file final03.cif (mmCIF, C-alpha atoms)
data_final
loop_
_atom_site.label_atom_id
_atom_site.label_comp_id
_atom_site.auth_asym_id
_atom_site.auth_seq_id
_atom_site.Cartn_x
_atom_site.Cartn_y
_atom_site.Cartn_z
CA MET A 1 3.70 41.57 161.90
CA ARG A 2 6.69 39.98 163.63
CA TYR A 3 5.01 36.55 163.94
CA LEU A 4 3.79 36.48 160.31
CA PRO A 5 6.91 37.36 158.33
CA GLN A 6 5.63 36.48 154.84
CA THR A 7 5.95 39.28 152.33
CA ASN A 8 3.23 40.12 149.80
CA ALA A 9 5.42 38.58 147.11
CA ALA A 10 5.75 35.35 149.14
CA ARG A 11 1.98 35.20 149.66
CA LYS A 12 1.38 35.75 145.96
CA GLU A 13 3.80 32.95 145.09
CA MET A 14 2.09 30.55 147.50
CA MET A 15 -1.37 31.37 146.13
CA GLU A 16 -0.19 30.87 142.55
CA THR A 17 1.33 27.52 143.51
CA ILE A 18 -1.92 26.16 144.96
CA GLY A 19 -4.07 27.80 142.29
CA ILE A 20 -6.06 30.50 144.08
CA SER A 21 -6.35 34.23 143.47
CA ASN A 22 -7.03 35.34 147.06
CA VAL A 23 -6.96 33.92 150.57
CA ASP A 24 -10.76 33.88 150.84
CA GLU A 25 -10.86 31.00 148.35
CA LEU A 26 -9.30 28.78 151.01
CA PHE A 27 -12.61 28.98 152.87
CA CYS A 28 -14.93 28.35 149.94
CA GLN A 29 -16.13 25.07 151.45
CA VAL A 30 -17.51 26.86 154.51
CA PRO A 31 -21.28 27.37 153.95
CA ASP A 32 -22.63 30.93 153.71
CA LYS A 33 -24.91 30.37 156.70
CA ALA A 34 -21.80 30.16 158.87
CA PHE A 35 -21.29 33.90 158.34
CA ILE A 36 -23.36 36.99 159.10
CA ASP A 37 -22.21 40.28 157.57
CA GLY A 38 -18.84 38.73 156.84
CA LYS A 39 -18.29 37.53 160.40
CA ALA A 40 -18.41 34.00 161.75
CA ASN A 41 -21.91 33.10 162.94
CA VAL A 42 -21.00 31.88 166.43
CA PRO A 43 -22.78 32.72 169.71
CA ASP A 44 -21.38 35.03 172.34
CA HIS A 45 -19.42 33.53 175.18
CA LYS A 46 -21.30 31.31 177.60
CA GLY A 47 -20.65 29.68 180.94
CA GLU A 48 -19.19 26.20 181.25
CA LEU A 49 -22.50 24.57 182.19
CA GLU A 50 -24.27 26.17 179.22
CA VAL A 51 -21.55 25.04 176.85
CA GLU A 52 -21.76 21.47 178.18
CA ARG A 53 -25.53 21.43 177.58
CA ILE A 54 -25.14 22.80 174.05
CA MET A 55 -22.48 20.23 173.18
CA GLN A 56 -24.60 17.43 174.65
CA SER A 57 -27.55 18.54 172.52
CA TYR A 58 -25.34 18.24 169.45
CA ALA A 59 -24.15 14.78 170.53
CA ASP A 60 -27.73 13.66 171.10
CA GLN A 61 -28.41 14.19 167.39
CA ASN A 62 -26.01 11.36 166.49
CA VAL A 63 -27.19 7.83 165.87
CA ASP A 64 -24.37 6.27 167.87
CA ALA A 65 -22.92 2.77 167.86
CA LEU A 66 -23.43 2.08 171.56
CA THR A 67 -27.18 2.56 171.80
CA ASN A 68 -28.27 1.52 168.30
CA ARG A 69 -27.96 -1.46 165.96
CA PHE A 70 -24.58 -0.98 164.28
CA PHE A 71 -23.28 -2.81 161.19
CA LEU A 72 -20.95 -0.23 159.63
CA GLY A 73 -17.37 -1.22 158.80
CA ALA A 74 -15.57 -0.25 155.58
CA GLY A 75 -12.19 0.06 157.28
CA VAL A 76 -13.18 1.05 160.84
CA TYR A 77 -14.66 -1.70 163.01
CA PHE A 78 -16.74 -1.77 166.18
CA HIS A 79 -15.11 -4.29 168.50
CA HIS A 80 -15.35 -4.74 172.25
CA VAL A 81 -12.44 -3.25 174.21
CA PRO A 82 -12.14 -4.73 177.72
CA ALA A 83 -12.27 -2.26 180.60
CA SER A 84 -8.87 -3.53 181.73
CA VAL A 85 -7.29 -2.04 178.60
CA ASP A 86 -8.39 1.49 179.48
CA TYR A 87 -7.37 0.96 183.10
CA ILE A 88 -3.84 -0.11 182.21
CA ILE A 89 -3.14 2.53 179.56
CA GLN A 90 -4.26 5.26 181.98
CA ARG A 91 -1.68 4.32 184.57
CA SER A 92 0.76 7.16 185.19
CA GLU A 93 3.61 5.18 183.62
CA PHE A 94 1.88 5.35 180.24
CA LEU A 95 -0.09 8.60 180.21
CA THR A 96 2.81 10.53 178.71
CA ALA A 97 3.70 7.87 176.14
CA TYR A 98 5.27 9.73 173.23
CA THR A 99 8.37 9.78 171.08
CA PRO A 100 11.26 8.66 173.30
CA TYR A 101 13.81 11.40 172.69
CA GLN A 102 16.09 9.82 175.31
CA PRO A 103 14.82 6.33 174.59
CA GLU A 104 16.93 4.20 176.90
CA ILE A 105 15.58 6.12 179.91
CA ALA A 106 12.04 5.08 178.97
CA GLN A 107 12.51 1.33 179.41
CA GLY A 108 8.79 0.69 179.94
CA THR A 109 7.88 2.46 176.70
CA LEU A 110 10.55 0.59 174.76
CA GLN A 111 9.47 -2.74 176.24
CA TYR A 112 5.83 -2.48 175.18
CA LEU A 113 6.84 -1.22 171.74
CA PHE A 114 9.15 -4.22 171.43
CA GLU A 115 6.28 -6.49 172.44
CA PHE A 116 4.00 -4.72 169.95
CA GLN A 117 6.54 -5.37 167.18
CA THR A 118 6.82 -9.01 168.23
CA MET A 119 3.05 -9.51 168.12
CA ILE A 120 2.75 -7.89 164.70
CA ALA A 121 5.61 -9.97 163.31
CA GLN A 122 4.02 -13.17 164.65
CA ILE A 123 0.52 -12.64 163.29
CA THR A 124 1.72 -11.37 159.89
CA GLY A 125 4.31 -14.12 159.44
CA GLN A 126 7.03 -11.54 158.81
CA GLU A 127 10.57 -11.32 160.22
CA VAL A 128 10.54 -7.74 161.53
CA ALA A 129 7.98 -5.07 162.40
CA ASN A 130 8.32 -1.43 163.35
CA ALA A 131 6.99 0.57 166.29
CA SER A 132 3.77 1.49 164.45
CA LEU A 133 2.61 4.13 161.99
CA TYR A 134 -0.28 6.61 161.89
CA ASP A 135 -2.96 4.43 160.28
CA GLY A 136 -3.58 1.87 157.57
CA ALA A 137 -3.77 4.37 154.72
CA THR A 138 -0.44 6.06 155.45
CA ALA A 139 1.14 2.65 156.12
CA MET A 140 0.18 1.61 152.59
CA GLY A 141 1.61 4.83 151.17
CA GLU A 142 4.86 4.24 153.06
CA ALA A 143 4.99 0.67 151.74
CA ALA A 144 4.77 1.95 148.17
CA LEU A 145 7.60 4.43 148.74
CA MET A 146 9.71 1.74 150.43
CA ALA A 147 9.24 -0.59 147.46
CA MET A 148 10.27 2.20 145.10
CA ARG A 149 13.47 2.78 147.08
CA ILE A 150 14.34 -0.93 147.06
CA THR A 151 13.59 -1.64 143.39
CA ARG A 152 14.57 1.81 142.06
CA ARG A 153 11.35 1.81 140.05
CA ASP A 154 8.52 4.34 140.08
CA LYS A 155 5.38 2.39 139.23
CA VAL A 156 2.85 0.90 141.69
CA CYS A 157 0.22 -1.71 140.83
CA TYR A 158 -3.10 -2.07 142.66
CA ALA A 159 -4.04 -5.73 142.40
CA ASN A 160 -7.65 -5.80 143.55
CA GLU A 161 -10.44 -3.84 145.26
CA ILE A 162 -8.39 -1.78 147.71
CA HIS A 163 -10.00 0.63 150.17
CA PRO A 164 -10.55 3.83 148.13
CA GLN A 165 -9.29 6.06 150.95
CA TYR A 166 -6.09 4.03 151.16
CA VAL A 167 -5.65 4.49 147.42
CA GLU A 168 -6.31 8.22 147.67
CA VAL A 169 -3.68 8.67 150.39
CA THR A 170 -1.17 6.55 148.49
CA GLU A 171 -1.80 8.56 145.32
CA THR A 172 -0.88 11.70 147.26
CA TYR A 173 2.41 10.05 148.24
CA LEU A 174 3.06 8.96 144.66
CA ASN A 175 2.14 12.27 143.04
CA ASN A 176 4.65 14.09 145.20
CA ASN A 177 7.37 11.60 144.26
CA ASP A 178 6.79 11.68 140.49
CA ALA A 179 5.53 8.09 140.57
CA LYS A 180 2.74 6.38 138.64
CA SER A 181 0.10 3.77 139.45
CA TYR A 182 -2.22 1.42 137.59
CA SER A 183 -4.68 -1.39 138.30
CA ALA A 184 -4.11 -5.08 137.54
CA LYS A 185 -7.88 -5.67 137.78
CA GLU A 186 -7.40 -8.88 139.82
CA ASP A 187 -5.37 -10.49 137.01
CA PRO A 188 -1.66 -11.18 137.78
CA SER A 189 -0.89 -11.32 134.06
CA ASN A 190 -1.57 -7.56 133.90
CA ILE A 191 1.53 -6.69 135.96
CA GLU A 192 3.89 -4.51 133.92
CA ASP A 193 7.65 -5.04 133.68
CA ASP A 194 8.82 -1.86 135.44
CA THR A 195 6.57 -2.23 138.50
CA ALA A 196 8.04 -1.51 141.93
CA CYS A 197 5.35 -3.33 143.89
CA VAL A 198 1.98 -5.01 143.64
CA ILE A 199 -0.47 -4.14 146.43
CA VAL A 200 -3.05 -6.75 147.41
CA GLN A 201 -5.68 -6.10 150.09
CA SER A 202 -7.11 -9.10 151.92
CA PRO A 203 -9.91 -9.16 152.82
CA ASP A 204 -10.46 -6.59 150.09
CA PHE A 205 -12.75 -3.57 150.34
CA PHE A 206 -15.78 -5.75 149.64
CA GLY A 207 -14.80 -8.26 152.33
CA LYS A 208 -13.39 -11.00 150.06
CA PRO A 209 -10.21 -12.79 151.27
CA HIS A 210 -7.48 -13.37 148.66
CA ALA A 211 -4.76 -15.95 148.21
CA TYR A 212 -1.27 -14.70 147.36
CA ASP A 213 0.27 -17.55 145.37
CA ALA A 214 -0.44 -16.19 141.90
CA TRP A 215 0.57 -12.66 142.88
CA ARG A 216 3.79 -13.92 144.48
CA LYS A 217 4.74 -15.79 141.32
CA ALA A 218 3.94 -12.82 139.09
CA CYS A 219 5.95 -10.45 141.31
CA ASP A 220 8.96 -12.77 141.20
CA GLU A 221 8.77 -12.92 137.40
CA LYS A 222 8.67 -9.11 137.11
CA GLY A 223 11.13 -8.32 139.91
CA ALA A 224 8.46 -6.48 141.90
CA LEU A 225 7.76 -6.61 145.64
CA LEU A 226 4.51 -8.03 146.99
CA VAL A 227 2.74 -5.75 149.48
CA VAL A 228 -0.23 -7.13 151.42
CA VAL A 229 -2.59 -4.64 153.07
CA ILE A 230 -4.94 -5.67 155.88
CA ASN A 231 -7.46 -3.22 157.33
CA GLU A 232 -9.26 -5.76 159.56
CA ILE A 233 -6.44 -7.24 161.61
CA VAL A 234 -8.78 -9.64 163.43
CA SER A 235 -8.95 -11.62 160.16
CA LEU A 236 -5.38 -12.82 160.81
CA GLY A 237 -6.77 -14.93 163.64
CA LEU A 238 -8.53 -17.11 161.07
CA LEU A 239 -6.97 -16.53 157.65
CA PRO A 240 -3.43 -17.67 156.74
CA ALA A 241 -0.69 -15.18 157.59
CA PRO A 242 0.74 -13.46 154.48
CA ALA A 243 4.20 -14.87 155.18
CA ASP A 244 5.11 -14.92 151.46
CA ALA A 245 4.72 -11.15 151.14
CA ASP A 246 7.68 -8.78 151.14
CA ILE A 247 5.80 -6.12 153.11
CA VAL A 248 2.64 -6.46 155.21
CA CYS A 249 0.93 -3.34 156.50
CA GLY A 250 -2.47 -2.03 157.44
CA GLU A 251 -4.78 -0.95 160.25
CA ALA A 252 -4.75 -2.45 163.77
CA GLN A 253 -7.60 -0.35 165.22
CA SER A 254 -9.79 -3.41 165.78
CA ILE A 255 -7.67 -4.54 168.75
CA GLY A 256 -7.76 -2.25 171.77
CA VAL A 257 -8.57 0.99 169.96
CA ALA A 258 -12.03 2.56 169.79
CA MET A 259 -13.49 3.84 166.52
CA SER A 260 -13.23 7.42 167.84
CA TYR A 261 -15.01 9.01 164.88
CA GLY A 262 -12.21 7.82 162.59
CA GLY A 263 -9.07 8.35 164.65
CA PRO A 264 -6.52 8.32 166.08
CA HIS A 265 -5.97 4.80 164.86
CA LEU A 266 -2.99 2.48 164.59
CA GLY A 267 -1.02 1.61 161.49
CA PHE A 268 1.21 -1.45 161.50
CA PHE A 269 4.12 -2.33 159.25
CA ALA A 270 6.18 -5.53 158.88
CA CYS A 271 8.61 -6.83 156.29
CA ARG A 272 11.48 -9.19 155.51
CA GLN A 273 14.67 -8.78 157.54
CA LYS A 274 16.75 -7.83 154.51
CA TYR A 275 14.63 -4.70 153.95
CA ILE A 276 14.80 -3.43 157.52
CA ARG A 277 17.00 -0.41 156.73
CA GLN A 278 14.45 0.81 154.21
CA MET A 279 11.55 0.43 156.61
CA PRO A 280 9.97 3.73 157.78
CA GLY A 281 9.58 4.69 161.41
CA ARG A 282 11.68 3.06 164.11
CA VAL A 283 12.55 -0.34 165.53
CA CYS A 284 12.97 -1.21 169.21
CA GLY A 285 15.35 -4.02 170.12
CA GLU A 286 16.15 -6.19 173.13
CA THR A 287 19.66 -6.50 174.59
CA ILE A 288 21.44 -6.84 177.93
CA ASP A 289 23.03 -4.03 179.93
CA ALA A 290 26.48 -3.87 181.57
CA ASP A 291 25.15 -5.85 184.53
CA GLY A 292 23.76 -8.62 182.35
CA LYS A 293 20.14 -7.55 182.86
CA ARG A 294 17.60 -7.48 180.05
CA GLY A 295 17.14 -4.05 178.53
CA TYR A 296 15.62 -2.34 175.49
CA VAL A 297 17.09 0.11 172.99
CA LEU A 298 15.95 2.11 170.02
CA THR A 299 17.78 -0.01 167.45
CA LEU A 300 16.84 1.89 164.31
CA SER A 301 15.41 5.37 163.91
CA THR A 302 15.24 6.32 160.26
CA ARG A 303 13.24 9.52 160.35
CA GLU A 304 14.48 12.94 159.38
CA GLN A 305 14.62 14.22 162.97
CA HIS A 306 17.28 11.67 163.89
CA ILE A 307 19.42 11.42 160.76
CA ARG A 308 20.26 13.54 157.73
CA ARG A 309 17.11 14.55 155.90
CA GLU A 310 18.27 13.15 152.57
CA LYS A 311 18.98 9.77 154.22
CA ALA A 312 15.64 9.51 156.03
CA THR A 313 13.12 6.91 154.91
CA SER A 314 10.20 8.73 156.50
CA ASN A 315 9.16 11.95 158.20
CA ILE A 316 6.91 10.14 160.68
CA CYS A 317 7.01 12.23 163.84
CA THR A 318 5.31 10.00 166.35
CA ASN A 319 4.58 6.30 166.68
CA GLN A 320 0.97 6.28 167.90
CA GLY A 321 2.46 5.19 171.23
CA LEU A 322 -0.71 5.12 173.29
CA CYS A 323 -2.68 3.29 170.58
CA ALA A 324 0.15 0.77 170.20
CA LEU A 325 0.05 0.25 173.96
CA ALA A 326 -3.71 -0.35 173.90
CA PHE A 327 -3.26 -2.92 171.12
CA THR A 328 -0.46 -4.65 173.04
CA VAL A 329 -2.46 -4.85 176.26
CA HIS A 330 -5.56 -6.18 174.50
CA MET A 331 -3.58 -8.78 172.54
CA ALA A 332 -1.79 -9.90 175.69
CA LEU A 333 -5.16 -10.37 177.40
CA LEU A 334 -6.51 -12.35 174.45
CA GLY A 335 -3.49 -14.56 173.93
CA GLU A 336 -3.06 -16.71 170.84
CA ASP A 337 -6.13 -18.87 171.52
CA GLY A 338 -8.28 -15.86 172.41
CA PHE A 339 -7.28 -14.05 169.21
CA LYS A 340 -8.29 -17.09 167.16
CA ASP A 341 -11.57 -17.40 169.08
CA LEU A 342 -12.35 -13.74 168.45
CA ALA A 343 -11.80 -14.22 164.71
CA ARG A 344 -13.95 -17.36 164.70
CA ILE A 345 -16.83 -15.61 166.48
CA ASN A 346 -16.68 -12.74 163.98
CA HIS A 347 -16.82 -15.10 161.01
CA GLU A 348 -19.59 -17.25 162.46
CA LYS A 349 -21.78 -14.21 163.11
CA ALA A 350 -21.12 -12.94 159.58
CA CYS A 351 -22.17 -16.33 158.16
CA GLN A 352 -25.32 -16.24 160.27
CA LEU A 353 -26.27 -12.77 159.06
CA ALA A 354 -25.42 -13.62 155.46
CA ASP A 355 -27.85 -16.55 155.58
CA SER A 356 -30.51 -14.34 157.13
CA VAL A 357 -30.19 -11.37 154.76
CA THR A 358 -29.99 -13.47 151.59
CA SER A 359 -33.25 -15.16 152.54
CA ILE A 360 -34.90 -11.89 151.46
CA ASP A 361 -36.21 -12.08 147.89
CA GLY A 362 -33.93 -10.37 145.39
CA ILE A 363 -30.87 -10.06 147.68
CA SER A 364 -27.72 -12.02 146.88
CA LEU A 365 -24.11 -12.12 148.04
CA ALA A 366 -21.60 -10.22 145.93
CA ASN A 367 -18.82 -12.60 147.12
CA ASP A 368 -19.06 -16.27 148.06
CA THR A 369 -16.24 -15.92 150.59
CA PHE A 370 -15.88 -13.35 153.36
CA PHE A 371 -14.52 -12.88 156.87
CA ASN A 372 -16.68 -10.55 158.97
CA GLU A 373 -17.85 -8.15 156.27
CA ILE A 374 -20.33 -9.13 153.59
CA ALA A 375 -21.26 -7.34 150.40
CA VAL A 376 -24.87 -7.90 149.33
CA LYS A 377 -26.48 -6.99 146.03
CA LEU A 378 -29.91 -5.37 146.33
CA PRO A 379 -32.85 -6.12 144.02
CA ALA A 380 -32.92 -4.28 140.71
CA GLY A 381 -33.95 -0.66 141.08
CA LYS A 382 -33.26 -0.50 144.83
CA SER A 383 -30.81 2.10 146.13
CA ALA A 384 -28.21 1.21 148.76
CA PRO A 385 -27.71 4.87 149.88
CA LYS A 386 -31.48 5.28 150.32
CA LEU A 387 -31.70 2.00 152.25
CA VAL A 388 -28.94 3.13 154.61
CA GLN A 389 -30.77 6.42 155.22
CA ASP A 390 -34.15 4.75 155.71
CA LEU A 391 -32.75 2.35 158.30
CA ALA A 392 -30.82 5.11 160.05
CA ASP A 393 -34.21 6.75 160.68
CA GLN A 394 -35.08 3.52 162.53
CA ASN A 395 -31.87 3.74 164.60
CA ILE A 396 -30.17 0.98 162.62
CA ILE A 397 -26.82 1.70 160.99
CA ALA A 398 -27.19 -0.90 158.23
CA GLY A 399 -23.70 -0.62 156.76
CA TYR A 400 -21.91 1.23 153.99
CA ALA A 401 -23.37 1.90 150.55
CA ALA A 402 -20.38 0.77 148.51
CA ASN A 403 -22.18 1.76 145.30
CA GLU A 404 -25.75 2.26 144.13
CA ASP A 405 -26.82 -1.38 144.48
CA THR A 406 -24.28 -2.87 146.92
CA LEU A 407 -24.49 -2.72 150.69
CA LEU A 408 -21.40 -3.56 152.75
CA ILE A 409 -22.36 -4.99 156.16
CA ALA A 410 -19.82 -5.56 158.95
CA VAL A 411 -20.53 -8.09 161.69
CA THR A 412 -18.30 -8.31 164.77
CA GLU A 413 -18.61 -9.93 168.18
CA ILE A 414 -20.69 -6.87 169.18
CA ALA A 415 -23.63 -8.06 167.04
CA THR A 416 -26.43 -9.83 168.90
CA GLU A 417 -29.08 -12.28 167.73
CA GLY A 418 -31.72 -9.62 168.26
CA GLY A 419 -29.73 -7.00 166.40
CA MET A 420 -29.16 -9.20 163.37
CA LYS A 421 -32.83 -10.18 163.29
CA ALA A 422 -33.83 -6.52 163.53
CA LEU A 423 -31.53 -5.63 160.62
CA THR A 424 -32.99 -8.40 158.44
CA GLU A 425 -36.56 -7.39 159.20
CA ALA A 426 -35.78 -3.71 158.61
CA ILE A 427 -34.19 -4.42 155.22
CA LYS A 428 -37.12 -6.60 154.22
CA GLY A 429 -39.57 -3.88 155.22
CA ALA A 430 -37.65 -1.14 153.41
CA LEU A 431 -37.37 -2.92 150.05
#
call {"tool": "encode", "arguments": {"input": "final03.cif", "output": "structure tokens"}}
result
Amino acid sequence: MRYLPQTNAARKEMMETIGISNVDELFCQVPDKAFIDGKANVPDHKGELEVERIMQSYADQNVDALTNRFFLGAGVYFHHVPASVDYIIQRSEFLTAYTPYQPEIAQGTLQYLFEFQTMIAQITGQEVANASLYDGATAMGEAALMAMRITRRDKVCYANEIHPQYVEVTETYLNNNDAKSYSAKEDPSNIEDDTACVIVQSPDFFGKPHAYDAWRKACDEKGALLVVVINEIVSLGLLPAPADADIVCGEAQSIGVAMSYGGPHLGFFACRQKYIRQMPGRVCGETIDADGKRGYVLTLSTREQHIRREKATSNICTNQGLCALAFTVHMALLGEDGFKDLARINHEKACQLADSVTSIDGISLANDTFFNEIAVKLPAGKSAPKLVQDLADQNIIAGYAANEDTLLIAVTEIATEGGMKALTEAIKGAL
């Protein structure tokens, strides 16, 4: 087969490498009911109208965020995106936003990426930011690799309760670079001598904000870099910017980008000026042209497609251009005061719901401090996964069952008085 040139020996070597004996094992996760007599159980071809009706019937089975009470967060947040954002990003100038292979021709693209970088640098308190990454999880993985390059060490420390999916992605990065990781268990004294970086998430996976002073001091004593991860970027409108960190990265989906069933989302990445040449991705800069007019250039492009592979700091092959544009438009519409107001509204609603839910006998807060996501402990013997399922049957997405007895509830500006009251009453009735 001219388009599939692998030899039997090459196939055998690949299967041995990934630990399977035959190709069929690659599909072991596909349920048996998906096949009939060895063939895929799919219907014969249908007309366009029939297909639309079938797909709509599938969609109607979802308990969606728009038409139901929705309090699920855990890294992806339901925020309002103004209609003007969608209108602007769908203009013809932006519809083909992608990697600028001849960047200086695409002045509009470079300008909004420059503005995106500026916004990220301002709200994180850092000196430089790049033109965005895939998502928060890969941004954290890239931060770990960057710290390893700078310190020439191969050990990463997780300081606190970091999003488990972020950790899983980062572990994949580390495993393929012969690196190790360990947990400090929220105690800075547990940082080991040969650590490349300490990663702190704030607010952490259970919604608790963290101060950085003790971690900064411990990192300085051990010669490690401090990496701060933020997966709810709206929190930076209320909480202090992590200006003392060496690297700040995370997820910016909350501004301008819909949940979209988990993606595409928008990773961000910022750091100190002195580390800019080790930063993954690319950096857009502002200059003046031969006529003295303002212009934009692709100042740094450190991926393997632009420079020698062995010199590349990343293999990132796009910059989430359209998502970065949506973020930039939304932030520009909010402005500094609007961004702070949005954060304040989120926190006030979370406080209101926390008071309401903890009025139920047997329920208590897992953390005394939080931003817009609260972790509540259920009464003894009550199951958080079962509670989530029971309330879903009532068209209420109650939150995320973080473990057997802990429910993680996210509250954004979307939440209404009626919705929060309905959630409280539903929880009370289900316990």
call {"tool": "closest_residue", "arguments": {"input": "final03.cif", "among": "A:Leu66, A:Val229, A:Leu387, A:Val128", "to": "Ser202 of chain A", "atoms": "all atoms listed in the file"}}
result
A:Val229
call {"tool": "residues_near_point", "arguments": {"input": "final03.cif", "point": "(-16.0, -5.7, 154.2)", "cutoff": "10 Å", "atoms": "all atoms listed in the file", "output": "mmCIF file with C-alpha atoms, in the coordinates of the input"}}
result
data_model
loop_
_atom_site.group_PDB
_atom_site.id
_atom_site.type_symbol
_atom_site.label_atom_id
_atom_site.label_comp_id
_atom_site.auth_asym_id
_atom_site.auth_seq_id
_atom_site.Cartn_x
_atom_site.Cartn_y
_atom_site.Cartn_z
ATOM 1 C CA LEU A 72 -20.950 -0.230 159.630
ATOM 2 C CA GLY A 73 -17.370 -1.220 158.800
ATOM 3 C CA ALA A 74 -15.570 -0.250 155.580
ATOM 4 C CA GLY A 75 -12.190 0.060 157.280
ATOM 5 C CA VAL A 76 -13.180 1.050 160.840
ATOM 6 C CA TYR A 77 -14.660 -1.700 163.010
ATOM 7 C CA HIS A 163 -10.000 0.630 150.170
ATOM 8 C CA SER A 202 -7.110 -9.100 151.920
ATOM 9 C CA PRO A 203 -9.910 -9.160 152.820
ATOM 10 C CA ASP A 204 -10.460 -6.590 150.090
ATOM 11 C CA PHE A 205 -12.750 -3.570 150.340
ATOM 12 C CA PHE A 206 -15.780 -5.750 149.640
ATOM 13 C CA GLY A 207 -14.800 -8.260 152.330
ATOM 14 C CA LYS A 208 -13.390 -11.000 150.060
ATOM 15 C CA PRO A 209 -10.210 -12.790 151.270
ATOM 16 C CA ASN A 231 -7.460 -3.220 157.330
ATOM 17 C CA GLU A 232 -9.260 -5.760 159.560
ATOM 18 C CA PHE A 370 -15.880 -13.350 153.360
ATOM 19 C CA PHE A 371 -14.520 -12.880 156.870
ATOM 20 C CA ASN A 372 -16.680 -10.550 158.970
ATOM 21 C CA GLU A 373 -17.850 -8.150 156.270
ATOM 22 C CA ILE A 374 -20.330 -9.130 153.590
ATOM 23 C CA ALA A 375 -21.260 -7.340 150.400
ATOM 24 C CA GLY A 399 -23.700 -0.620 156.760
ATOM 25 C CA TYR A 400 -21.910 1.230 153.990
ATOM 26 C CA ALA A 402 -20.380 0.770 148.510
ATOM 27 C CA LEU A 407 -24.490 -2.720 150.690
ATOM 28 C CA LEU A 408 -21.400 -3.560 152.750
ATOM 29 C CA ILE A 409 -22.360 -4.990 156.160
ATOM 30 C CA ALA A 410 -19.820 -5.560 158.950
ATOM 31 C CA VAL A 411 -20.530 -8.090 161.690
#
call {"tool": "atom_distance", "arguments": {"input": "final03.cif", "atom1": "atom CA of Leu239 of chain A", "atom2": "atom CA of Gln117 of chain A"}}
result
19.9 Å
call {"tool": "atom_distance", "arguments": {"input": "final03.cif", "atom1": "atom CA of Asp361 of chain A", "atom2": "atom CA of Lys386 of chain A"}}
result
18.2 Å
call {"tool": "atom_distance", "arguments": {"input": "final03.cif", "atom1": "atom CA of Val85 of chain A", "atom2": "atom CA of Val257 of chain A"}}
result
9.2 Å
call {"tool": "closest_atom_pairs", "arguments": {"input": "final03.cif", "of": "segment 128-223 of chain A", "to": "segment 276-285 of chain A", "cutoff": "12 Å", "atoms": "only C-alpha atoms", "output": "Markdown table"}}
result
| residue | atom | partner | partner_atom | distance |
| --- | --- | --- | --- | --- |
| A:Val128 | CA | A:Ile276 | CA | 7.3 |
| A:Ala129 | CA | A:Val283 | CA | 7.3 |
| A:Asn130 | CA | A:Val283 | CA | 4.9 |
| A:Ala131 | CA | A:Val283 | CA | 5.7 |
| A:Ser132 | CA | A:Gly281 | CA | 7.3 |
| A:Leu133 | CA | A:Gly281 | CA | 7.0 |
| A:Tyr134 | CA | A:Gly281 | CA | 10.1 |
| A:Thr138 | CA | A:Pro280 | CA | 10.9 |
| A:Ala139 | CA | A:Pro280 | CA | 9.0 |
| A:Met140 | CA | A:Pro280 | CA | 11.3 |
| A:Gly141 | CA | A:Pro280 | CA | 10.7 |
| A:Glu142 | CA | A:Pro280 | CA | 7.0 |
| A:Ala143 | CA | A:Met279 | CA | 8.2 |
| A:Ala144 | CA | A:Met279 | CA | 10.9 |
| A:Leu145 | CA | A:Pro280 | CA | 9.4 |
| A:Met146 | CA | A:Gln278 | CA | 6.1 |
| A:Ala147 | CA | A:Gln278 | CA | 8.6 |
| A:Met148 | CA | A:Gln278 | CA | 10.1 |
| A:Arg149 | CA | A:Gln278 | CA | 7.5 |
| A:Ile150 | CA | A:Gln278 | CA | 7.4 |
| A:Thr151 | CA | A:Gln278 | CA | 11.1 |
call {"tool": "write_last_selection", "arguments": {"input": "final03.cif", "atoms": "C-alpha atoms", "output": "mmCIF file, keeping the file's coordinate frame"}}
result
data_model
loop_
_atom_site.group_PDB
_atom_site.id
_atom_site.type_symbol
_atom_site.label_atom_id
_atom_site.label_comp_id
_atom_site.auth_asym_id
_atom_site.auth_seq_id
_atom_site.Cartn_x
_atom_site.Cartn_y
_atom_site.Cartn_z
ATOM 1 C CA VAL A 128 10.540 -7.740 161.530
ATOM 2 C CA ALA A 129 7.980 -5.070 162.400
ATOM 3 C CA ASN A 130 8.320 -1.430 163.350
ATOM 4 C CA ALA A 131 6.990 0.570 166.290
ATOM 5 C CA SER A 132 3.770 1.490 164.450
ATOM 6 C CA LEU A 133 2.610 4.130 161.990
ATOM 7 C CA TYR A 134 -0.280 6.610 161.890
ATOM 8 C CA THR A 138 -0.440 6.060 155.450
ATOM 9 C CA ALA A 139 1.140 2.650 156.120
ATOM 10 C CA MET A 140 0.180 1.610 152.590
ATOM 11 C CA GLY A 141 1.610 4.830 151.170
ATOM 12 C CA GLU A 142 4.860 4.240 153.060
ATOM 13 C CA ALA A 143 4.990 0.670 151.740
ATOM 14 C CA ALA A 144 4.770 1.950 148.170
ATOM 15 C CA LEU A 145 7.600 4.430 148.740
ATOM 16 C CA MET A 146 9.710 1.740 150.430
ATOM 17 C CA ALA A 147 9.240 -0.590 147.460
ATOM 18 C CA MET A 148 10.270 2.200 145.100
ATOM 19 C CA ARG A 149 13.470 2.780 147.080
ATOM 20 C CA ILE A 150 14.340 -0.930 147.060
ATOM 21 C CA THR A 151 13.590 -1.640 143.390
#
call {"tool": "closest_residue", "arguments": {"input": "final03.cif", "among": "A:Val234, A:Val248, A:Ala241, A:Leu342", "to": "Gln201 of chain A", "atoms": "only C-alpha atoms"}}
result
A:Val248
